[in-house]
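Asker: Can you keep this structure in mind? I'll have questions shortly.
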Amino acid sequence: MYERRKRLLREIKNQCKLLSVAVLIQSKAKQFNVEDLQMSARGKSGALAKAILAMPDEINIFEQAVILASSYRQADIELKLINPFKTSSNHYDCGGKWRRSLGNWDLCQCTFCEAEVNTHFNAALHIRDGGVLA
Ligand SMILES: [Zn+2]
């Protein structure tokens with residue numbers, strides 16, 4: 001069981017790298033923004049801790065992706081680490097916070113504008129723009 005899990009994780013990380021390379025090549029992006037997730041899951045609530053531990057936090061995956069895509073495109077792509085502060089809890093459109101229902105971290109309603117928001121897409125918009133503090 002442990003070996004199978006380890007193999008699956010390695011494959012997921014490899015696919016993550018290859019997907020990143022494909023996106024960097026097709027999008028012709030000059031910069032690749034990645035959340036700096038060198039943080040601990042300690043003290044976080046159950047679902048958030050699980051999410052943090054499941055994310056590909058090994059920055060070398062993205063460093064390798066940038067090197068491969070830069071080489072293929074013969075252009076320098078910058079890897080930029082983004083502060084993850086509030087990227088998942090701050091509504092991109094209005095700055096409001098989420099009204100969360102227990103166990104649901106994917107879709108939330110904004111307490112300020114009442115919009116229903118996909119929290120992952122919302123976080124991606126913040127990361128694209130350099131983080132909430134940018
Ligand atoms: Zn809102």
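Going through the structure tokens in order, the chains are called A, B, and so on, while each chain numbers its residues from 1 and the ligands are numbered from 1 in the order shown.
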Find the nearest atom pair between each residue of chain A and ligand 1 for residues within 9 Å, count only C-alpha atoms and all ligand atoms, give distances in Å to one decimal, sort rows by chain and ascending number, and present the table as JSON lines.
Answerer:
```
{"residue": "A:Asn90", "atom": "CA", "partner": "ligand 1", "partner_atom_place_in_ligand_line": "1 (Zn)", "distance": 8.2}
{"residue": "A:His91", "atom": "CA", "partner": "ligand 1", "partner_atom_place_in_ligand_line": "1 (Zn)", "distance": 5.1}
{"residue": "A:Tyr92", "atom": "CA", "partner": "ligand 1", "partner_atom_place_in_ligand_line": "1 (Zn)", "distance": 7.3}
{"residue": "A:Asp93", "atom": "CA", "partner": "ligand 1", "partner_atom_place_in_ligand_line": "1 (Zn)", "distance": 5.8}
{"residue": "A:Cys94", "atom": "CA", "partner": "ligand 1", "partner_atom_place_in_ligand_line": "1 (Zn)", "distance": 4.5}
{"residue": "A:Gly95", "atom": "CA", "partner": "ligand 1", "partner_atom_place_in_ligand_line": "1 (Zn)", "distance": 6.1}
{"residue": "A:Gly96", "atom": "CA", "partner": "ligand 1", "partner_atom_place_in_ligand_line": "1 (Zn)", "distance": 4.7}
{"residue": "A:Lys97", "atom": "CA", "partner": "ligand 1", "partner_atom_place_in_ligand_line": "1 (Zn)", "distance": 7.1}
{"residue": "A:Trp98", "atom": "CA", "partner": "ligand 1", "partner_atom_place_in_ligand_line": "1 (Zn)", "distance": 8.2}
{"residue": "A:Gln109", "atom": "CA", "partner": "ligand 1", "partner_atom_place_in_ligand_line": "1 (Zn)", "distance": 7.9}
{"residue": "A:Cys110", "atom": "CA", "partner": "ligand 1", "partner_atom_place_in_ligand_line": "1 (Zn)", "distance": 4.6}
{"residue": "A:Thr111", "atom": "CA", "partner": "ligand 1", "partner_atom_place_in_ligand_line": "1 (Zn)", "distance": 6.6}
{"residue": "A:Phe112", "atom": "CA", "partner": "ligand 1", "partner_atom_place_in_ligand_line": "1 (Zn)", "distance": 5.0}
{"residue": "A:Cys113", "atom": "CA", "partner": "ligand 1", "partner_atom_place_in_ligand_line": "1 (Zn)", "distance": 4.1}
{"residue": "A:Glu114", "atom": "CA", "partner": "ligand 1", "partner_atom_place_in_ligand_line": "1 (Zn)", "distance": 6.1}
{"residue": "A:Ala115", "atom": "CA", "partner": "ligand 1", "partner_atom_place_in_ligand_line": "1 (Zn)", "distance": 5.8}
{"residue": "A:Glu116", "atom": "CA", "partner": "ligand 1", "partner_atom_place_in_ligand_line": "1 (Zn)", "distance": 8.3}
{"residue": "A:Val117", "atom": "CA", "partner": "ligand 1", "partner_atom_place_in_ligand_line": "1 (Zn)", "distance": 8.3}
```
Asker: The selected residues should be written to file as a tab-separated table (two decimals), in the first residue's frame (atoms: N, CA and C atoms).
Answerer:
```tsv
chain	number	residue	atom	x	y	z
A	90	ASN	N	-9.67	35.16	0.13
A	90	ASN	CA	-10.03	36.52	-0.21
A	90	ASN	C	-10.67	36.53	-1.60
A	91	HIS	N	-11.92	37.00	-1.69
A	91	HIS	CA	-12.60	37.00	-3.00
A	91	HIS	C	-11.89	37.95	-3.95
A	92	TYR	N	-11.47	37.41	-5.09
A	92	TYR	CA	-10.71	38.18	-6.07
A	92	TYR	C	-11.47	39.42	-6.53
A	93	ASP	N	-12.78	39.29	-6.72
A	93	ASP	CA	-13.57	40.40	-7.27
A	93	ASP	C	-13.81	41.53	-6.28
A	94	CYS	N	-14.03	41.18	-4.99
A	94	CYS	CA	-14.46	42.23	-4.06
A	94	CYS	C	-13.68	42.26	-2.75
A	95	GLY	N	-12.81	41.27	-2.49
A	95	GLY	CA	-12.05	41.24	-1.24
A	95	GLY	C	-12.81	40.64	-0.08
A	96	GLY	N	-14.04	40.19	-0.31
A	96	GLY	CA	-14.84	39.58	0.75
A	96	GLY	C	-14.30	38.23	1.20
A	97	LYS	N	-14.89	37.72	2.26
A	97	LYS	CA	-14.48	36.41	2.79
A	97	LYS	C	-15.55	35.39	2.46
A	98	TRP	N	-15.23	34.11	2.73
A	98	TRP	CA	-16.16	33.02	2.39
A	98	TRP	C	-17.08	32.67	3.54
A	109	GLN	N	-19.62	30.76	-0.83
A	109	GLN	CA	-20.34	31.98	-1.11
A	109	GLN	C	-19.60	33.14	-0.43
A	110	CYS	N	-19.47	34.24	-1.14
A	110	CYS	CA	-18.82	35.42	-0.60
A	110	CYS	C	-19.78	36.11	0.38
A	111	THR	N	-19.27	36.45	1.56
A	111	THR	CA	-20.12	37.09	2.57
A	111	THR	C	-20.40	38.55	2.20
A	112	PHE	N	-19.60	39.12	1.30
A	112	PHE	CA	-19.79	40.53	0.95
A	112	PHE	C	-20.69	40.71	-0.27
A	113	CYS	N	-20.35	40.05	-1.39
A	113	CYS	CA	-21.13	40.24	-2.62
A	113	CYS	C	-22.10	39.10	-2.92
A	114	GLU	N	-22.06	38.05	-2.06
A	114	GLU	CA	-22.99	36.92	-2.17
A	114	GLU	C	-22.73	36.01	-3.38
A	115	ALA	N	-21.70	36.28	-4.17
A	115	ALA	CA	-21.40	35.44	-5.34
A	115	ALA	C	-20.96	34.06	-4.88
A	116	GLU	N	-21.32	33.02	-5.64
A	116	GLU	CA	-20.79	31.70	-5.37
A	116	GLU	C	-19.50	31.57	-6.17
A	117	VAL	N	-18.44	31.16	-5.51
A	117	VAL	CA	-17.11	31.22	-6.10
A	117	VAL	C	-16.41	29.87	-6.00
```
Asker: Tell me which protein, DNA and RNA residues are within 9 Å of Ala22 in chain A, counting only C-alpha atoms, leaving out same-chain ones fewer than 5 positions away, and put them as JSON, numbers by chain.
Answerer: {"A": [17, 27, 65, 69]}
Asker: As a list in words, please: every residue in chain A that DSSP puts in strand (DSSP E).
Answerer: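 Filtering chain A down to strand (DSSP E) leaves Gln31, Phe32, Asn33, Val34, Glu35, Glu78, Leu79, Lys80, Leu81, Ile82, Trp98, Arg99, Leu107, Cys108, Gln109, Cys110, Glu116, Val117 and Asn118 of chain A.
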Asker: Counting only C-alpha atoms, which residue out of A:Asn33, A:Gln15, A:Ser101, A:Asn122 sits closest to Leu79 in chain A?
Answerer: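 With only C-alpha atoms as the atom set, the closest residue is A:Asn33.
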Asker: For Leu133 in chain A, which residue among A:Ile59, A:Ile77, A:Ile82, A:Met1 is the nearest when counting only C-alpha atoms?
Answerer: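 Of A:Ile59, A:Ile77, A:Ile82, A:Met1, the one nearest Leu133 in chain A is A:Ile82, counting only C-alpha atoms.
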Asker: Let me make sure I understand: among A:Glu63, A:Leu68, A:Ala124, A:Gly46, which one has the smallest atom-to-atom distance to Asn104 in chain A if we use only C-alpha atoms?
Answerer: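 Distance minimum relative to Asn104 in chain A lands on A:Gly46.
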Asker: CA of Thr119 in chain A to CA of Leu24 in chain A: how many Å, to one decimal?
Answerer: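 If I compute the distance from CA of Thr119 in chain A to CA of Leu24 in chain A, I get 23.1 Å.
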Asker: Which residues are near Arg73 in chain A? Cut-off 10 Å, only C-alpha atoms, ignore same chain within fewer than 6 positions. Put them as a PyMOL selection string.
Answerer: chain A and resi 24-26+28+67
Asker: Leaving out Ala29 in chain A and any residue of its chain fewer than 6 positions from it, which residues lie within 10 Å of it when counting only C-alpha atoms, given as a list in words?
Answerer: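 So, after excluding close chain neighbours, the residues are Val23, Ala69, Ser70, Ala75, Asp76, Ile77 and Glu78 of chain A.
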Asker: Measure the distance from CA of Val66 in chain A to CA of Arg128 in chain A in Å and round it to one decimal.
Answerer: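 Separating CA of Val66 in chain A from CA of Arg128 in chain A is a distance of 15.9 Å.
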Asker: Restricting the calculation to only C-alpha atoms: of A:Asn83, A:Asn60, A:Gln74, A:Asn14, which residue gets closest to Glu35 in chain A?
Answerer: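 Closest residue, counting only C-alpha atoms: A:Asn83.
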Asker: Just asking: which residues within chain A are helix (DSSP H, G or I) according to DSSP, as a VMD selection string?
Answerer: chain A and resid 2 to 27 46 to 54 59 to 73 119 to 128
Asker: What gap, in Å, lies between CA of His126 in chain A and CA of Leu19 in chain A?
Answerer: 20.4 Å
Asker: Counting only C-alpha atoms, which of A:Lys80, A:Arg10, A:Lys86, A:Arg5 gets nearest to Ala123 in chain A?
Answerer: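 Once distances to Ala123 in chain A are computed over only C-alpha atoms, the minimum belongs to A:Lys86.
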Asker: Which of these residues is nearest to Phe85 in chain A, using only C-alpha atoms: A:Leu18, A:Gly131, A:Leu125, A:Arg4?
Answerer: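 Nearest to Phe85 in chain A: A:Gly131.
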